[in-house]
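**Q** What follows is final_19.cif, made up of mmCIF, N, CA and C atoms:
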data_start
loop_
_atom_site.label_atom_id
_atom_site.label_comp_id
_atom_site.auth_asym_id
_atom_site.auth_seq_id
_atom_site.Cartn_x
_atom_site.Cartn_y
_atom_site.Cartn_z
N MET A 202 50.27 205.93 39.86
CA MET A 202 50.97 207.20 40.10
C MET A 202 52.15 206.99 41.04
N ALA A 203 51.87 206.73 42.29
CA ALA A 203 52.96 206.60 43.26
C ALA A 203 53.55 205.20 43.17
N THR A 204 54.85 205.15 43.12
CA THR A 204 55.51 203.85 43.10
C THR A 204 55.94 203.54 44.52
N LYS A 205 55.72 202.30 44.92
CA LYS A 205 56.11 201.90 46.28
C LYS A 205 57.54 201.41 46.24
N LYS A 206 58.37 202.04 47.04
CA LYS A 206 59.77 201.64 47.14
C LYS A 206 60.14 201.54 48.61
N GLN A 207 61.12 200.72 48.89
CA GLN A 207 61.60 200.58 50.26
C GLN A 207 62.89 201.38 50.42
N PHE A 208 62.97 202.11 51.52
CA PHE A 208 64.18 202.86 51.85
C PHE A 208 64.52 202.57 53.30
N ASN A 209 65.81 202.66 53.60
CA ASN A 209 66.21 202.46 54.98
C ASN A 209 65.75 203.61 55.85
N SER A 210 65.65 204.80 55.26
CA SER A 210 65.19 205.95 56.02
C SER A 210 64.57 206.97 55.07
N PHE A 211 63.75 207.83 55.65
CA PHE A 211 63.13 208.92 54.91
C PHE A 211 64.22 209.83 54.34
N GLU A 212 65.24 210.09 55.15
CA GLU A 212 66.35 210.95 54.72
C GLU A 212 67.10 210.35 53.53
N GLU A 213 67.26 209.02 53.53
CA GLU A 213 67.93 208.35 52.41
C GLU A 213 67.12 208.54 51.13
N MET A 214 65.80 208.42 51.24
CA MET A 214 64.93 208.59 50.08
C MET A 214 65.04 210.01 49.55
N LEU A 215 65.04 211.00 50.44
CA LEU A 215 65.13 212.41 50.02
C LEU A 215 66.48 212.71 49.38
N SER A 216 67.55 212.28 50.02
CA SER A 216 68.88 212.61 49.52
C SER A 216 69.22 211.83 48.26
N GLY A 217 68.56 210.68 48.05
CA GLY A 217 68.82 209.88 46.87
C GLY A 217 68.06 210.34 45.64
N SER A 218 67.21 211.34 45.79
CA SER A 218 66.40 211.79 44.67
C SER A 218 67.13 212.85 43.85
N ASP A 219 67.09 212.70 42.54
CA ASP A 219 67.73 213.68 41.66
C ASP A 219 66.79 214.83 41.29
N VAL A 220 65.53 214.75 41.72
CA VAL A 220 64.55 215.83 41.51
C VAL A 220 63.92 216.17 42.85
N PRO A 221 63.30 217.36 42.96
CA PRO A 221 62.61 217.69 44.21
C PRO A 221 61.54 216.64 44.53
N VAL A 222 61.26 216.45 45.81
CA VAL A 222 60.30 215.46 46.28
C VAL A 222 59.15 216.19 46.97
N LEU A 223 57.93 215.96 46.47
CA LEU A 223 56.74 216.50 47.11
C LEU A 223 56.16 215.39 47.98
N VAL A 224 56.16 215.61 49.29
CA VAL A 224 55.66 214.60 50.22
C VAL A 224 54.24 214.97 50.64
N ASP A 225 53.32 214.03 50.41
CA ASP A 225 51.93 214.18 50.82
C ASP A 225 51.76 213.46 52.15
N PHE A 226 51.69 214.24 53.23
CA PHE A 226 51.43 213.66 54.56
C PHE A 226 49.92 213.52 54.68
N TYR A 227 49.44 212.29 54.88
CA TYR A 227 48.01 212.02 54.88
C TYR A 227 47.66 210.98 55.93
N ALA A 228 46.35 210.72 56.07
CA ALA A 228 45.87 209.61 56.89
C ALA A 228 44.69 208.99 56.15
N GLU A 229 44.51 207.67 56.32
CA GLU A 229 43.44 206.96 55.62
C GLU A 229 42.06 207.52 55.96
N TRP A 230 41.86 207.94 57.20
CA TRP A 230 40.55 208.41 57.66
C TRP A 230 40.25 209.84 57.23
N CYS A 231 41.20 210.53 56.64
CA CYS A 231 41.07 211.96 56.32
C CYS A 231 40.39 212.16 54.96
N GLY A 232 39.16 212.68 54.98
CA GLY A 232 38.40 212.92 53.75
C GLY A 232 39.12 213.82 52.75
N PRO A 233 39.60 215.02 53.19
CA PRO A 233 40.32 215.89 52.27
C PRO A 233 41.58 215.23 51.69
N CYS A 234 42.20 214.33 52.46
CA CYS A 234 43.38 213.62 51.95
C CYS A 234 42.99 212.75 50.76
N GLN A 235 41.82 212.10 50.85
CA GLN A 235 41.35 211.27 49.75
C GLN A 235 41.05 212.12 48.52
N MET A 236 40.59 213.36 48.73
CA MET A 236 40.33 214.28 47.60
C MET A 236 41.62 214.63 46.87
N MET A 237 42.75 214.56 47.58
CA MET A 237 44.04 214.92 46.97
C MET A 237 44.57 213.85 46.02
N VAL A 238 44.08 212.62 46.12
CA VAL A 238 44.62 211.53 45.29
C VAL A 238 44.52 211.85 43.80
N PRO A 239 43.32 212.15 43.24
CA PRO A 239 43.27 212.47 41.81
C PRO A 239 43.98 213.77 41.47
N ILE A 240 44.01 214.70 42.40
CA ILE A 240 44.71 215.98 42.17
C ILE A 240 46.20 215.73 42.01
N LEU A 241 46.76 214.91 42.91
CA LEU A 241 48.19 214.61 42.83
C LEU A 241 48.52 213.78 41.59
N GLU A 242 47.57 212.96 41.13
CA GLU A 242 47.79 212.21 39.89
C GLU A 242 47.91 213.17 38.71
N GLN A 243 47.07 214.21 38.69
CA GLN A 243 47.15 215.22 37.63
C GLN A 243 48.46 215.99 37.70
N VAL A 244 48.86 216.37 38.91
CA VAL A 244 50.12 217.09 39.11
C VAL A 244 51.28 216.22 38.63
N ASN A 245 51.26 214.95 39.01
CA ASN A 245 52.31 214.02 38.61
C ASN A 245 52.38 213.90 37.08
N ALA A 246 51.23 213.84 36.43
CA ALA A 246 51.19 213.71 34.97
C ALA A 246 51.85 214.93 34.31
N GLN A 247 51.65 216.11 34.89
CA GLN A 247 52.18 217.33 34.29
C GLN A 247 53.63 217.61 34.66
N LEU A 248 54.06 217.18 35.84
CA LEU A 248 55.40 217.53 36.32
C LEU A 248 56.28 216.30 36.55
N LYS A 249 55.94 215.16 35.96
CA LYS A 249 56.63 213.91 36.31
C LYS A 249 58.13 213.92 36.06
N ASP A 250 58.61 214.71 35.12
CA ASP A 250 60.05 214.76 34.87
C ASP A 250 60.78 215.71 35.81
N ARG A 251 60.02 216.55 36.50
CA ARG A 251 60.63 217.59 37.33
C ARG A 251 60.42 217.37 38.83
N LEU A 252 59.66 216.33 39.19
CA LEU A 252 59.20 216.19 40.57
C LEU A 252 58.87 214.74 40.86
N ARG A 253 59.12 214.30 42.08
CA ARG A 253 58.68 212.98 42.53
C ARG A 253 57.68 213.21 43.66
N ILE A 254 56.56 212.47 43.61
CA ILE A 254 55.54 212.59 44.66
C ILE A 254 55.57 211.33 45.52
N VAL A 255 55.62 211.54 46.83
CA VAL A 255 55.69 210.45 47.80
C VAL A 255 54.58 210.65 48.82
N LYS A 256 53.88 209.58 49.17
CA LYS A 256 52.83 209.65 50.18
C LYS A 256 53.33 209.04 51.48
N ILE A 257 53.12 209.75 52.58
CA ILE A 257 53.52 209.26 53.90
C ILE A 257 52.28 209.24 54.80
N ASP A 258 51.93 208.05 55.28
CA ASP A 258 50.79 207.89 56.18
C ASP A 258 51.23 208.31 57.59
N THR A 259 50.63 209.38 58.08
CA THR A 259 51.03 209.93 59.39
C THR A 259 50.66 209.00 60.54
N GLU A 260 49.73 208.08 60.31
CA GLU A 260 49.37 207.12 61.36
C GLU A 260 50.47 206.06 61.51
N LYS A 261 51.12 205.70 60.40
CA LYS A 261 52.18 204.70 60.44
C LYS A 261 53.53 205.32 60.76
N TYR A 262 53.72 206.57 60.37
CA TYR A 262 55.01 207.24 60.56
C TYR A 262 54.82 208.48 61.44
N THR A 263 54.39 208.22 62.67
CA THR A 263 54.10 209.32 63.60
C THR A 263 55.35 210.14 63.91
N GLN A 264 56.50 209.50 63.95
CA GLN A 264 57.75 210.21 64.26
C GLN A 264 58.07 211.23 63.16
N LEU A 265 57.87 210.84 61.90
CA LEU A 265 58.11 211.78 60.79
C LEU A 265 57.12 212.93 60.85
N ALA A 266 55.86 212.62 61.14
CA ALA A 266 54.83 213.66 61.23
C ALA A 266 55.18 214.68 62.30
N SER A 267 55.67 214.22 63.44
CA SER A 267 56.03 215.19 64.48
C SER A 267 57.34 215.89 64.15
N GLN A 268 58.28 215.20 63.52
CA GLN A 268 59.55 215.83 63.14
C GLN A 268 59.32 217.01 62.20
N TYR A 269 58.36 216.87 61.27
CA TYR A 269 58.09 217.94 60.30
C TYR A 269 56.88 218.77 60.69
N GLN A 270 56.44 218.63 61.95
CA GLN A 270 55.38 219.45 62.53
C GLN A 270 54.12 219.44 61.67
N ILE A 271 53.64 218.22 61.38
CA ILE A 271 52.42 218.05 60.59
C ILE A 271 51.24 218.07 61.56
N TYR A 272 50.50 219.16 61.56
CA TYR A 272 49.37 219.31 62.47
C TYR A 272 48.04 219.34 61.74
N ALA A 273 48.06 219.56 60.43
CA ALA A 273 46.84 219.58 59.62
C ALA A 273 47.01 218.59 58.48
N LEU A 274 45.92 217.97 58.09
CA LEU A 274 45.98 217.03 56.96
C LEU A 274 44.98 217.46 55.90
N PRO A 275 45.31 217.32 54.64
CA PRO A 275 46.63 216.91 54.14
C PRO A 275 47.62 218.06 54.23
N THR A 276 48.89 217.73 54.37
CA THR A 276 49.97 218.71 54.29
C THR A 276 50.96 218.21 53.24
N LEU A 277 51.29 219.09 52.30
CA LEU A 277 52.29 218.79 51.28
C LEU A 277 53.55 219.55 51.63
N VAL A 278 54.69 218.86 51.63
CA VAL A 278 55.97 219.50 51.91
C VAL A 278 56.88 219.19 50.73
N LEU A 279 57.44 220.26 50.14
CA LEU A 279 58.36 220.10 49.02
C LEU A 279 59.79 220.12 49.55
N PHE A 280 60.55 219.07 49.22
CA PHE A 280 61.94 218.96 49.65
C PHE A 280 62.85 219.10 48.44
N LYS A 281 63.91 219.90 48.60
CA LYS A 281 64.96 220.00 47.60
C LYS A 281 66.27 219.70 48.29
N GLN A 282 67.07 218.81 47.70
CA GLN A 282 68.33 218.37 48.30
C GLN A 282 68.14 217.98 49.77
N GLY A 283 67.02 217.31 50.04
CA GLY A 283 66.77 216.80 51.38
C GLY A 283 66.23 217.81 52.38
N GLN A 284 66.05 219.07 51.97
CA GLN A 284 65.58 220.10 52.89
C GLN A 284 64.18 220.58 52.50
N PRO A 285 63.31 220.81 53.51
CA PRO A 285 61.97 221.33 53.19
C PRO A 285 62.07 222.78 52.71
N VAL A 286 61.46 223.09 51.56
CA VAL A 286 61.52 224.45 51.01
C VAL A 286 60.15 225.07 50.85
N ASP A 287 59.09 224.26 50.92
CA ASP A 287 57.74 224.81 50.77
C ASP A 287 56.77 223.88 51.47
N ARG A 288 55.63 224.46 51.90
CA ARG A 288 54.64 223.71 52.65
C ARG A 288 53.25 224.22 52.28
N ILE A 289 52.35 223.29 52.00
CA ILE A 289 50.96 223.64 51.67
C ILE A 289 50.06 222.80 52.55
N GLU A 290 49.15 223.44 53.27
CA GLU A 290 48.21 222.71 54.12
C GLU A 290 46.83 222.80 53.49
N GLY A 291 46.13 221.68 53.47
CA GLY A 291 44.77 221.65 52.93
C GLY A 291 44.74 221.28 51.46
N VAL A 292 43.52 221.22 50.94
CA VAL A 292 43.31 220.82 49.55
C VAL A 292 43.54 222.01 48.63
N MET A 293 44.25 221.75 47.53
CA MET A 293 44.45 222.77 46.50
C MET A 293 44.13 222.11 45.17
N GLN A 294 43.45 222.81 44.29
CA GLN A 294 43.12 222.25 42.98
C GLN A 294 44.38 222.00 42.16
N ALA A 295 44.30 221.04 41.24
CA ALA A 295 45.46 220.62 40.46
C ALA A 295 46.11 221.77 39.71
N GLY A 296 45.31 222.58 39.03
CA GLY A 296 45.87 223.71 38.26
C GLY A 296 46.64 224.68 39.14
N GLN A 297 46.06 225.01 40.28
CA GLN A 297 46.71 225.92 41.24
C GLN A 297 48.01 225.31 41.75
N LEU A 298 47.95 224.04 42.08
CA LEU A 298 49.12 223.35 42.65
C LEU A 298 50.25 223.27 41.62
N VAL A 299 49.91 222.95 40.36
CA VAL A 299 50.92 222.89 39.31
C VAL A 299 51.58 224.26 39.14
N GLN A 300 50.77 225.32 39.08
CA GLN A 300 51.32 226.68 38.93
C GLN A 300 52.24 227.03 40.09
N HIS A 301 51.80 226.69 41.30
CA HIS A 301 52.59 226.97 42.49
C HIS A 301 53.93 226.24 42.44
N LEU A 302 53.88 224.96 42.08
CA LEU A 302 55.08 224.14 42.08
C LEU A 302 56.04 224.48 40.93
N LYS A 303 55.49 224.92 39.80
CA LYS A 303 56.34 225.24 38.64
C LYS A 303 57.39 226.29 38.99
N GLY A 304 57.04 227.20 39.86
CA GLY A 304 57.99 228.23 40.28
C GLY A 304 59.07 227.71 41.22
N LEU A 305 58.89 226.49 41.72
CA LEU A 305 59.80 225.95 42.73
C LEU A 305 60.63 224.77 42.24
N VAL A 306 60.18 224.09 41.19
CA VAL A 306 60.91 222.89 40.73
C VAL A 306 61.63 223.13 39.41
#
Spit out the file's structure as structure tokens when you get a sec.
**A**
Amino acid sequence: MATKKQFNSFEEMLSGSDVPVLVDFYAEWCGPCQMMVPILEQVNAQLKDRLRIVKIDTEKYTQLASQYQIYALPTLVLFKQGQPVDRIEGVMQAGQLVQHLKGLV
């Protein structure tokens, strides 16, 4: 599902995307974050042409987590043209998440 790519900065990755970017802020130790993995795979399968999904480990990128005020995990933030436009905290089922995102992407 998620492709690993190297970027000089988070902002470069966001601004270089031609589709909205859904960022999954997670941590390895977070149980609900692990529940989101198959859910995001389903979302990606349904919206892959309209959306890019990126995972950010808040333990490795603490500065990004504080910059975007990530206080609960998992937190999904949808970026369009490099700007955050939507935020979802906690686990959401794939069907619900796809419906929610369809109105935004």
**Q** Going by the chain IDs and residue numbers used in this file, which residues fall under the PyMOL selection byres ((chain A and resi 218-235) around 6)? Write them as a list in words.
**A**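 Matching residues under the PyMOL selection byres ((chain A and resi 218-235) around 6) are Met214, Leu215, Ser216, Gly217, Met236, Met237, Val238, Pro239, Arg251, Leu252, Arg253, Ile254, Val255, Lys256, Ile257, Asp258, Thr259, Glu260, Leu274, Pro275, Thr276, Leu277, Val278, Leu279, Phe280, Lys281 and Gln282 of chain A.
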**Q** Take atom N of Val299 of chain A and atom CA of Val244 of chain A and report the distance between them in Å, one decimal.
**A**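 According to the coordinates, atom N of Val299 of chain A and atom CA of Val244 of chain A are separated by 6.0 Å.
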**Q** When DSSP works through the backbone of this structure, what residues of chain A end up as alpha helix (DSSP H), shown as a ChimeraX atom specification?
**A** /A:211-216,232-248,263-268,295-303
**Q** Quick one: DSSP strand (DSSP E or B) residues in chain A, as a ChimeraX atom specification?
**A** /A:222-227,253-258,276-281,284-290
**Q** Report, in Å to a single decimal, how far apart atom C of Ser267 of chain A and atom CA of Glu212 of chain A are.
**A**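 These atoms are spaced 13.9 Å apart.
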